[in-house]
Amino acid sequence: MSGYIPTLEQIDELHKKIAPSQEAYDLVHTHCVIVATIGCQIVRRQNALFTRRCTLPEGGEPLVPSPDGVTGGQVPPRLLDEHLVFIGGLLHDIGTYKVFKHDGTDGEPLKFSGKKYILHGLKGYEYLLSEGVDESIAQFARNHTGVGLNREAVIKQGLPLPSDDYVPVNLEQEVVMYADKFHSKSTPPKFLQVDAYSAKAARYGEENKQRWLELVAKYGVPDIPALAEKYHMRMI
């Protein structure tokens, strides 16, 4: 470990240091809180499945209650680190402060730059490293775009990124990447149900959509209607 693992107070400071306006902070930080919340719900479901499987005879079915309303999902190969997912979720989108076209300081409504947005993961990763955050945490920013952005896709799509893989390297990063797809920083922000993101994923090809559906089967489905009601946001 070459850097530090930030506390909740330090995470908030990292957000506020880079946020260009209160309006931008409110949008991005709230999104990160929501993704961290969904991520932790998924982890609790995964760990419940794993724990139950360990107490069953071979071949038994892990029929367990659904913590926080998450349903479905497959038994993971190990217990997941909920604390790591929480921290990673709170910081995964911190690079989006650097890709606003209108950032709340020019009198215009918040708007992201379509051309620069794909860079937000890498910019967040570089920012966190520059602030001394450990690589294991900074990677949550780098490795959450789409449903796994690999070198081949970067080259094929001509994306303005260094030719490299930007994919999760562990289950915790994959959970945050997956949780991120259920909420959008649109203005106003909104929650997406499985079918809504399936349609979005399909725009980048059938293989991309299939990867999304594999994640749905692997990690289960959060209770998006309940979350939308809790945060008073629309849902599609």
# chains A, B, ... in the order shown; residues from 1 in each chain; ligands from 1

call {"tool": "select_by_dssp", "arguments": {"residues": "region 30-188 of chain A", "states": "helix (DSSP H, G or I)", "output": "ChimeraX atom specification"}}
result
/A:30-54,67-69,82-91,94-99,117-130,135-142,151-156,171-180

call {"tool": "select_by_dssp", "arguments": {"residues": "chain A", "states": "strand (DSSP E)", "output": "mmCIF file with all heavy atoms, in the first residue's frame"}}
result
data_model
loop_
_atom_site.group_PDB
_atom_site.id
_atom_site.type_symbol
_atom_site.label_atom_id
_atom_site.label_comp_id
_atom_site.auth_asym_id
_atom_site.auth_seq_id
_atom_site.Cartn_x
_atom_site.Cartn_y
_atom_site.Cartn_z
ATOM 1 N N PHE A 100 -17.256 18.955 -16.980
ATOM 2 C CA PHE A 100 -18.433 19.786 -17.182
ATOM 3 C C PHE A 100 -18.218 20.752 -18.353
ATOM 4 O O PHE A 100 -17.125 21.305 -18.515
ATOM 5 C CB PHE A 100 -18.733 20.620 -15.935
ATOM 6 C CG PHE A 100 -19.516 19.909 -14.867
ATOM 7 C CD1 PHE A 100 -18.895 19.474 -13.706
ATOM 8 C CD2 PHE A 100 -20.867 19.678 -15.024
ATOM 9 C CE1 PHE A 100 -19.612 18.831 -12.712
ATOM 10 C CE2 PHE A 100 -21.601 19.032 -14.043
ATOM 11 C CZ PHE A 100 -20.977 18.612 -12.881
ATOM 12 N N LYS A 101 -19.236 20.953 -19.116
ATOM 13 C CA LYS A 101 -19.244 22.035 -20.106
ATOM 14 C C LYS A 101 -19.729 23.305 -19.431
ATOM 15 O O LYS A 101 -19.173 24.388 -19.643
ATOM 16 C CB LYS A 101 -20.145 21.676 -21.282
ATOM 17 C CG LYS A 101 -20.188 22.754 -22.367
ATOM 18 C CD LYS A 101 -21.042 22.318 -23.550
ATOM 19 C CE LYS A 101 -21.042 23.378 -24.639
ATOM 20 N NZ LYS A 101 -21.870 22.946 -25.811
ATOM 21 N N HIS A 102 -20.769 23.170 -18.607
ATOM 22 C CA HIS A 102 -21.247 24.258 -17.750
ATOM 23 C C HIS A 102 -21.241 23.711 -16.331
ATOM 24 O O HIS A 102 -21.952 22.746 -16.024
ATOM 25 C CB HIS A 102 -22.649 24.698 -18.156
ATOM 26 C CG HIS A 102 -22.740 25.237 -19.553
ATOM 27 N ND1 HIS A 102 -22.082 26.378 -19.943
ATOM 28 C CD2 HIS A 102 -23.380 24.762 -20.647
ATOM 29 C CE1 HIS A 102 -22.329 26.599 -21.221
ATOM 30 N NE2 HIS A 102 -23.107 25.634 -21.672
ATOM 31 N N LYS A 111 -24.159 21.057 -17.171
ATOM 32 C CA LYS A 111 -24.150 20.221 -18.368
ATOM 33 C C LYS A 111 -22.771 19.616 -18.537
ATOM 34 O O LYS A 111 -21.766 20.312 -18.414
ATOM 35 C CB LYS A 111 -24.512 21.043 -19.609
ATOM 36 C CG LYS A 111 -24.599 20.224 -20.893
ATOM 37 C CD LYS A 111 -25.022 21.079 -22.076
ATOM 38 C CE LYS A 111 -25.131 20.253 -23.342
ATOM 39 N NZ LYS A 111 -25.537 21.083 -24.508
ATOM 40 N N PHE A 112 -22.728 18.318 -18.813
ATOM 41 C CA PHE A 112 -21.449 17.661 -19.040
ATOM 42 C C PHE A 112 -21.029 17.807 -20.495
ATOM 43 O O PHE A 112 -21.863 17.934 -21.384
ATOM 44 C CB PHE A 112 -21.527 16.173 -18.674
ATOM 45 C CG PHE A 112 -21.650 15.910 -17.211
ATOM 46 C CD1 PHE A 112 -22.852 15.498 -16.669
ATOM 47 C CD2 PHE A 112 -20.564 16.086 -16.367
ATOM 48 C CE1 PHE A 112 -22.978 15.261 -15.303
ATOM 49 C CE2 PHE A 112 -20.664 15.854 -15.011
ATOM 50 C CZ PHE A 112 -21.882 15.443 -14.479
ATOM 51 N N HIS A 183 -28.228 4.543 -11.703
ATOM 52 C CA HIS A 183 -28.518 5.958 -11.426
ATOM 53 C C HIS A 183 -27.768 6.840 -12.408
ATOM 54 O O HIS A 183 -26.607 6.593 -12.726
ATOM 55 C CB HIS A 183 -28.120 6.336 -9.990
ATOM 56 C CG HIS A 183 -28.559 7.705 -9.601
ATOM 57 N ND1 HIS A 183 -27.690 8.782 -9.583
ATOM 58 C CD2 HIS A 183 -29.776 8.203 -9.248
ATOM 59 C CE1 HIS A 183 -28.350 9.866 -9.214
ATOM 60 N NE2 HIS A 183 -29.614 9.548 -9.000
ATOM 61 N N SER A 184 -28.439 7.875 -12.884
ATOM 62 C CA SER A 184 -27.861 8.782 -13.867
ATOM 63 C C SER A 184 -27.764 10.201 -13.309
ATOM 64 O O SER A 184 -28.690 10.677 -12.643
ATOM 65 C CB SER A 184 -28.721 8.792 -15.134
ATOM 66 O OG SER A 184 -28.337 9.842 -16.007
ATOM 67 N N LYS A 190 -31.865 10.764 -12.337
ATOM 68 C CA LYS A 190 -32.910 9.738 -12.360
ATOM 69 C C LYS A 190 -32.335 8.365 -12.078
ATOM 70 O O LYS A 190 -31.127 8.135 -12.226
ATOM 71 C CB LYS A 190 -33.608 9.723 -13.712
ATOM 72 C CG LYS A 190 -32.714 9.390 -14.903
ATOM 73 C CD LYS A 190 -33.499 9.395 -16.200
ATOM 74 C CE LYS A 190 -32.628 9.076 -17.417
ATOM 75 N NZ LYS A 190 -31.759 10.218 -17.778
ATOM 76 N N PHE A 191 -33.231 7.462 -11.674
ATOM 77 C CA PHE A 191 -32.883 6.056 -11.488
ATOM 78 C C PHE A 191 -33.283 5.284 -12.743
ATOM 79 O O PHE A 191 -34.247 5.637 -13.423
ATOM 80 C CB PHE A 191 -33.616 5.475 -10.285
ATOM 81 C CG PHE A 191 -33.015 5.869 -8.964
ATOM 82 C CD1 PHE A 191 -33.439 7.018 -8.305
ATOM 83 C CD2 PHE A 191 -32.029 5.093 -8.364
ATOM 84 C CE1 PHE A 191 -32.888 7.392 -7.088
ATOM 85 C CE2 PHE A 191 -31.476 5.453 -7.151
ATOM 86 C CZ PHE A 191 -31.905 6.602 -6.501
ATOM 87 N N ARG A 234 -37.063 10.774 -10.184
ATOM 88 C CA ARG A 234 -37.820 10.030 -11.188
ATOM 89 C C ARG A 234 -37.119 8.713 -11.509
ATOM 90 O O ARG A 234 -35.939 8.511 -11.171
ATOM 91 C CB ARG A 234 -37.974 10.864 -12.450
ATOM 92 C CG ARG A 234 -36.674 11.247 -13.115
ATOM 93 C CD ARG A 234 -36.871 12.274 -14.224
ATOM 94 N NE ARG A 234 -35.594 12.719 -14.771
ATOM 95 C CZ ARG A 234 -35.261 12.648 -16.037
ATOM 96 N NH1 ARG A 234 -36.103 12.156 -16.923
ATOM 97 N NH2 ARG A 234 -34.089 13.085 -16.458
ATOM 98 N N MET A 235 -37.823 7.844 -12.163
ATOM 99 C CA MET A 235 -37.316 6.518 -12.490
ATOM 100 C C MET A 235 -37.795 6.134 -13.882
ATOM 101 O O MET A 235 -38.927 6.435 -14.255
ATOM 102 C CB MET A 235 -37.828 5.523 -11.458
ATOM 103 C CG MET A 235 -37.490 4.058 -11.720
ATOM 104 S SD MET A 235 -38.270 2.983 -10.478
ATOM 105 C CE MET A 235 -40.011 3.196 -10.898
#

call {"tool": "closest_residue", "arguments": {"among": "A:Gly148, A:Gly3, A:Pro77, A:Gly89", "to": "Asp180 (chain A)", "atoms": "only C-alpha atoms"}}
result
A:Gly89

call {"tool": "residues_around", "arguments": {"residues": "Glu172 (chain A)", "least_positions_apart": "2", "cutoff": "12 Å", "atoms": "only C-alpha atoms", "output": "PyMOL selection string"}}
result
chain A and resi 36+39-40+42-44+46-47+76+78-89+92+136-137+139-140+143-144+167-170+174-179+219

call {"tool": "residues_around", "arguments": {"residues": "Gln210 (chain A)", "least_positions_apart": "3", "cutoff": "12 Å", "atoms": "only C-alpha atoms", "output": "PyMOL selection string"}}
result
chain A and resi 147-148+197-207+213-217

call {"tool": "write_last_selection", "arguments": {"atoms": "N, CA, C and O atoms", "output": "mmCIF file, in the first residue's frame"}}
result
data_model
loop_
_atom_site.group_PDB
_atom_site.id
_atom_site.type_symbol
_atom_site.label_atom_id
_atom_site.label_comp_id
_atom_site.auth_asym_id
_atom_site.auth_seq_id
_atom_site.Cartn_x
_atom_site.Cartn_y
_atom_site.Cartn_z
ATOM 1 N N VAL A 147 -19.920 -1.163 -18.885
ATOM 2 C CA VAL A 147 -19.958 -2.473 -18.232
ATOM 3 C C VAL A 147 -18.617 -3.186 -18.423
ATOM 4 O O VAL A 147 -18.538 -4.409 -18.445
ATOM 5 N N GLY A 148 -17.559 -2.370 -18.544
ATOM 6 C CA GLY A 148 -16.216 -2.907 -18.695
ATOM 7 C C GLY A 148 -15.610 -2.458 -20.009
ATOM 8 O O GLY A 148 -15.889 -3.035 -21.057
ATOM 9 N N TYR A 197 -31.561 0.320 -18.622
ATOM 10 C CA TYR A 197 -30.133 0.274 -18.940
ATOM 11 C C TYR A 197 -29.846 -0.760 -20.026
ATOM 12 O O TYR A 197 -28.893 -0.597 -20.797
ATOM 13 N N SER A 198 -30.664 -1.787 -20.123
ATOM 14 C CA SER A 198 -30.477 -2.769 -21.208
ATOM 15 C C SER A 198 -30.568 -2.074 -22.560
ATOM 16 O O SER A 198 -29.773 -2.340 -23.471
ATOM 17 N N ALA A 199 -31.543 -1.173 -22.693
ATOM 18 C CA ALA A 199 -31.708 -0.433 -23.948
ATOM 19 C C ALA A 199 -30.505 0.465 -24.198
ATOM 20 O O ALA A 199 -30.036 0.602 -25.333
ATOM 21 N N LYS A 200 -29.993 1.075 -23.134
ATOM 22 C CA LYS A 200 -28.816 1.938 -23.264
ATOM 23 C C LYS A 200 -27.588 1.123 -23.654
ATOM 24 O O LYS A 200 -26.809 1.524 -24.527
ATOM 25 N N ALA A 201 -27.408 -0.018 -23.015
ATOM 26 C CA ALA A 201 -26.256 -0.878 -23.308
ATOM 27 C C ALA A 201 -26.293 -1.385 -24.741
ATOM 28 O O ALA A 201 -25.252 -1.533 -25.396
ATOM 29 N N ALA A 202 -27.506 -1.630 -25.259
ATOM 30 C CA ALA A 202 -27.653 -2.171 -26.612
ATOM 31 C C ALA A 202 -27.169 -1.204 -27.680
ATOM 32 O O ALA A 202 -26.841 -1.620 -28.800
ATOM 33 N N ARG A 203 -27.112 0.094 -27.354
ATOM 34 C CA ARG A 203 -26.626 1.077 -28.328
ATOM 35 C C ARG A 203 -25.173 0.813 -28.716
ATOM 36 O O ARG A 203 -24.713 1.246 -29.768
ATOM 37 N N TYR A 204 -24.453 0.124 -27.844
ATOM 38 C CA TYR A 204 -23.038 -0.152 -28.104
ATOM 39 C C TYR A 204 -22.825 -1.594 -28.565
ATOM 40 O O TYR A 204 -21.703 -2.096 -28.540
ATOM 41 N N GLY A 205 -23.898 -2.236 -28.964
ATOM 42 C CA GLY A 205 -23.782 -3.568 -29.525
ATOM 43 C C GLY A 205 -24.406 -4.643 -28.659
ATOM 44 O O GLY A 205 -24.563 -4.479 -27.446
ATOM 45 N N GLU A 206 -24.775 -5.743 -29.288
ATOM 46 C CA GLU A 206 -25.421 -6.854 -28.589
ATOM 47 C C GLU A 206 -24.496 -7.453 -27.531
ATOM 48 O O GLU A 206 -24.954 -7.898 -26.469
ATOM 49 N N GLU A 207 -23.198 -7.477 -27.802
ATOM 50 C CA GLU A 207 -22.252 -8.028 -26.837
ATOM 51 C C GLU A 207 -22.244 -7.198 -25.549
ATOM 52 O O GLU A 207 -22.165 -7.745 -24.444
ATOM 53 N N LEU A 213 -26.516 -8.005 -18.960
ATOM 54 C CA LEU A 213 -27.450 -9.009 -18.469
ATOM 55 C C LEU A 213 -26.731 -10.072 -17.640
ATOM 56 O O LEU A 213 -27.303 -10.633 -16.695
ATOM 57 N N GLU A 214 -25.490 -10.342 -17.977
ATOM 58 C CA GLU A 214 -24.699 -11.279 -17.169
ATOM 59 C C GLU A 214 -24.431 -10.706 -15.783
ATOM 60 O O GLU A 214 -24.454 -11.433 -14.778
ATOM 61 N N LEU A 215 -24.194 -9.397 -15.713
ATOM 62 C CA LEU A 215 -24.003 -8.744 -14.418
ATOM 63 C C LEU A 215 -25.288 -8.777 -13.598
ATOM 64 O O LEU A 215 -25.251 -8.973 -12.377
ATOM 65 N N VAL A 216 -26.419 -8.571 -14.269
ATOM 66 C CA VAL A 216 -27.719 -8.632 -13.581
ATOM 67 C C VAL A 216 -27.917 -10.014 -12.960
ATOM 68 O O VAL A 216 -28.324 -10.142 -11.795
ATOM 69 N N ALA A 217 -27.623 -11.050 -13.725
ATOM 70 C CA ALA A 217 -27.769 -12.415 -13.214
ATOM 71 C C ALA A 217 -26.791 -12.689 -12.078
ATOM 72 O O ALA A 217 -27.125 -13.391 -11.114
#

call {"tool": "closest_atom_pairs", "arguments": {"of": "region 37-135 of chain A", "to": "region 15-25 of chain A", "cutoff": "7 Å", "atoms": "only C-alpha atoms", "output": "tab-separated table"}}
result
residue	atom	partner	partner_atom	distance
A:Ile94	CA	A:His15	CA	6.6
A:Tyr97	CA	A:Ala19	CA	5.7
A:Asp103	CA	A:Ala24	CA	6.2
A:Gly104	CA	A:Ser21	CA	5.6
A:Thr105	CA	A:Ser21	CA	6.3

call {"tool": "decode", "arguments": {"residues": "region 159-172 of chain A", "atoms": "all heavy atoms", "output": "PDB file, in the first residue's frame"}}
result
ATOM      1  N   LEU A 159     -11.830   6.087 -29.025  1.00  0.00           N
ATOM      2  CA  LEU A 159     -12.040   6.910 -27.833  1.00  0.00           C
ATOM      3  C   LEU A 159     -10.776   7.685 -27.468  1.00  0.00           C
ATOM      4  O   LEU A 159      -9.655   7.194 -27.673  1.00  0.00           O
ATOM      5  CB  LEU A 159     -12.460   6.018 -26.661  1.00  0.00           C
ATOM      6  CG  LEU A 159     -13.757   5.229 -26.867  1.00  0.00           C
ATOM      7  CD1 LEU A 159     -14.021   4.316 -25.674  1.00  0.00           C
ATOM      8  CD2 LEU A 159     -14.927   6.173 -27.077  1.00  0.00           C
ATOM      9  N   PRO A 160     -10.922   8.886 -26.928  1.00  0.00           N
ATOM     10  CA  PRO A 160      -9.772   9.722 -26.576  1.00  0.00           C
ATOM     11  C   PRO A 160      -9.128   9.308 -25.254  1.00  0.00           C
ATOM     12  O   PRO A 160      -8.948  10.109 -24.335  1.00  0.00           O
ATOM     13  CB  PRO A 160     -10.388  11.123 -26.478  1.00  0.00           C
ATOM     14  CG  PRO A 160     -11.774  10.883 -25.996  1.00  0.00           C
ATOM     15  CD  PRO A 160     -12.206   9.606 -26.681  1.00  0.00           C
ATOM     16  N   LEU A 161      -8.789   8.025 -25.168  1.00  0.00           N
ATOM     17  CA  LEU A 161      -8.159   7.466 -23.976  1.00  0.00           C
ATOM     18  C   LEU A 161      -6.891   6.719 -24.381  1.00  0.00           C
ATOM     19  O   LEU A 161      -6.812   6.201 -25.503  1.00  0.00           O
ATOM     20  CB  LEU A 161      -9.105   6.469 -23.296  1.00  0.00           C
ATOM     21  CG  LEU A 161     -10.286   7.008 -22.491  1.00  0.00           C
ATOM     22  CD1 LEU A 161     -11.281   5.884 -22.218  1.00  0.00           C
ATOM     23  CD2 LEU A 161      -9.822   7.637 -21.188  1.00  0.00           C
ATOM     24  N   PRO A 162      -5.903   6.644 -23.503  1.00  0.00           N
ATOM     25  CA  PRO A 162      -4.755   5.778 -23.796  1.00  0.00           C
ATOM     26  C   PRO A 162      -5.248   4.356 -24.035  1.00  0.00           C
ATOM     27  O   PRO A 162      -6.176   3.891 -23.359  1.00  0.00           O
ATOM     28  CB  PRO A 162      -3.918   5.868 -22.511  1.00  0.00           C
ATOM     29  CG  PRO A 162      -4.299   7.184 -21.899  1.00  0.00           C
ATOM     30  CD  PRO A 162      -5.758   7.363 -22.225  1.00  0.00           C
ATOM     31  N   SER A 163      -4.670   3.659 -24.993  1.00  0.00           N
ATOM     32  CA  SER A 163      -5.101   2.297 -25.314  1.00  0.00           C
ATOM     33  C   SER A 163      -4.753   1.367 -24.161  1.00  0.00           C
ATOM     34  O   SER A 163      -3.598   0.988 -23.961  1.00  0.00           O
ATOM     35  CB  SER A 163      -4.416   1.823 -26.603  1.00  0.00           C
ATOM     36  OG  SER A 163      -4.793   2.640 -27.687  1.00  0.00           O
ATOM     37  N   ASP A 164      -5.765   1.015 -23.390  1.00  0.00           N
ATOM     38  CA  ASP A 164      -5.555   0.193 -22.202  1.00  0.00           C
ATOM     39  C   ASP A 164      -6.899  -0.408 -21.790  1.00  0.00           C
ATOM     40  O   ASP A 164      -7.947  -0.063 -22.335  1.00  0.00           O
ATOM     41  CB  ASP A 164      -4.983   1.038 -21.065  1.00  0.00           C
ATOM     42  CG  ASP A 164      -4.179   0.208 -20.070  1.00  0.00           C
ATOM     43  OD1 ASP A 164      -4.286  -1.042 -20.100  1.00  0.00           O
ATOM     44  OD2 ASP A 164      -3.443   0.801 -19.256  1.00  0.00           O
ATOM     45  N   ASP A 165      -6.854  -1.307 -20.812  1.00  0.00           N
ATOM     46  CA  ASP A 165      -8.068  -1.874 -20.255  1.00  0.00           C
ATOM     47  C   ASP A 165      -8.523  -1.029 -19.071  1.00  0.00           C
ATOM     48  O   ASP A 165      -7.720  -0.702 -18.185  1.00  0.00           O
ATOM     49  CB  ASP A 165      -7.831  -3.309 -19.790  1.00  0.00           C
ATOM     50  CG  ASP A 165      -7.600  -4.270 -20.936  1.00  0.00           C
ATOM     51  OD1 ASP A 165      -8.267  -4.111 -21.978  1.00  0.00           O
ATOM     52  OD2 ASP A 165      -6.765  -5.182 -20.795  1.00  0.00           O
ATOM     53  N   TYR A 166      -9.803  -0.684 -19.046  1.00  0.00           N
ATOM     54  CA  TYR A 166     -10.388   0.073 -17.937  1.00  0.00           C
ATOM     55  C   TYR A 166     -11.529  -0.770 -17.368  1.00  0.00           C
ATOM     56  O   TYR A 166     -12.698  -0.411 -17.444  1.00  0.00           O
ATOM     57  CB  TYR A 166     -10.889   1.428 -18.431  1.00  0.00           C
ATOM     58  CG  TYR A 166      -9.800   2.262 -19.055  1.00  0.00           C
ATOM     59  CD1 TYR A 166      -9.513   2.152 -20.423  1.00  0.00           C
ATOM     60  CD2 TYR A 166      -9.024   3.128 -18.297  1.00  0.00           C
ATOM     61  CE1 TYR A 166      -8.501   2.898 -21.004  1.00  0.00           C
ATOM     62  CE2 TYR A 166      -8.003   3.876 -18.867  1.00  0.00           C
ATOM     63  CZ  TYR A 166      -7.745   3.750 -20.225  1.00  0.00           C
ATOM     64  OH  TYR A 166      -6.730   4.494 -20.796  1.00  0.00           O
ATOM     65  N   VAL A 167     -11.158  -1.912 -16.852  1.00  0.00           N
ATOM     66  CA  VAL A 167     -12.137  -2.886 -16.370  1.00  0.00           C
ATOM     67  C   VAL A 167     -11.846  -3.213 -14.904  1.00  0.00           C
ATOM     68  O   VAL A 167     -10.701  -3.103 -14.443  1.00  0.00           O
ATOM     69  CB  VAL A 167     -12.099  -4.181 -17.210  1.00  0.00           C
ATOM     70  CG1 VAL A 167     -12.495  -3.898 -18.649  1.00  0.00           C
ATOM     71  CG2 VAL A 167     -10.701  -4.799 -17.170  1.00  0.00           C
ATOM     72  N   PRO A 168     -12.869  -3.602 -14.152  1.00  0.00           N
ATOM     73  CA  PRO A 168     -12.657  -3.967 -12.749  1.00  0.00           C
ATOM     74  C   PRO A 168     -11.636  -5.089 -12.610  1.00  0.00           C
ATOM     75  O   PRO A 168     -11.609  -6.020 -13.418  1.00  0.00           O
ATOM     76  CB  PRO A 168     -14.045  -4.425 -12.297  1.00  0.00           C
ATOM     77  CG  PRO A 168     -14.996  -3.716 -13.212  1.00  0.00           C
ATOM     78  CD  PRO A 168     -14.300  -3.678 -14.539  1.00  0.00           C
ATOM     79  N   VAL A 169     -10.821  -4.991 -11.572  1.00  0.00           N
ATOM     80  CA  VAL A 169      -9.804  -6.019 -11.324  1.00  0.00           C
ATOM     81  C   VAL A 169     -10.166  -6.888 -10.125  1.00  0.00           C
ATOM     82  O   VAL A 169      -9.413  -7.804  -9.776  1.00  0.00           O
ATOM     83  CB  VAL A 169      -8.409  -5.390 -11.121  1.00  0.00           C
ATOM     84  CG1 VAL A 169      -7.973  -4.644 -12.371  1.00  0.00           C
ATOM     85  CG2 VAL A 169      -8.399  -4.457  -9.909  1.00  0.00           C
ATOM     86  N   ASN A 170     -11.308  -6.599  -9.487  1.00  0.00           N
ATOM     87  CA  ASN A 170     -11.772  -7.455  -8.393  1.00  0.00           C
ATOM     88  C   ASN A 170     -13.296  -7.338  -8.289  1.00  0.00           C
ATOM     89  O   ASN A 170     -13.923  -6.512  -8.981  1.00  0.00           O
ATOM     90  CB  ASN A 170     -11.080  -7.103  -7.068  1.00  0.00           C
ATOM     91  CG  ASN A 170     -11.213  -5.637  -6.699  1.00  0.00           C
ATOM     92  OD1 ASN A 170     -12.292  -5.045  -6.812  1.00  0.00           O
ATOM     93  ND2 ASN A 170     -10.118  -5.032  -6.242  1.00  0.00           N
ATOM     94  N   LEU A 171     -13.895  -8.140  -7.461  1.00  0.00           N
ATOM     95  CA  LEU A 171     -15.351  -8.161  -7.333  1.00  0.00           C
ATOM     96  C   LEU A 171     -15.900  -6.845  -6.796  1.00  0.00           C
ATOM     97  O   LEU A 171     -16.978  -6.399  -7.218  1.00  0.00           O
ATOM     98  CB  LEU A 171     -15.781  -9.312  -6.413  1.00  0.00           C
ATOM     99  CG  LEU A 171     -15.489 -10.733  -6.911  1.00  0.00           C
ATOM    100  CD1 LEU A 171     -15.868 -11.753  -5.837  1.00  0.00           C
ATOM    101  CD2 LEU A 171     -16.235 -11.020  -8.202  1.00  0.00           C
ATOM    102  N   GLU A 172     -15.185  -6.230  -5.872  1.00  0.00           N
ATOM    103  CA  GLU A 172     -15.646  -4.979  -5.289  1.00  0.00           C
ATOM    104  C   GLU A 172     -15.749  -3.880  -6.347  1.00  0.00           C
ATOM    105  O   GLU A 172     -16.734  -3.127  -6.387  1.00  0.00           O
ATOM    106  CB  GLU A 172     -14.729  -4.546  -4.139  1.00  0.00           C
ATOM    107  CG  GLU A 172     -14.868  -5.358  -2.874  1.00  0.00           C
ATOM    108  CD  GLU A 172     -14.177  -6.723  -2.913  1.00  0.00           C
ATOM    109  OE1 GLU A 172     -13.420  -6.980  -3.882  1.00  0.00           O
ATOM    110  OE2 GLU A 172     -14.373  -7.518  -1.998  1.00  0.00           O
TER     111      GLU A 172
END
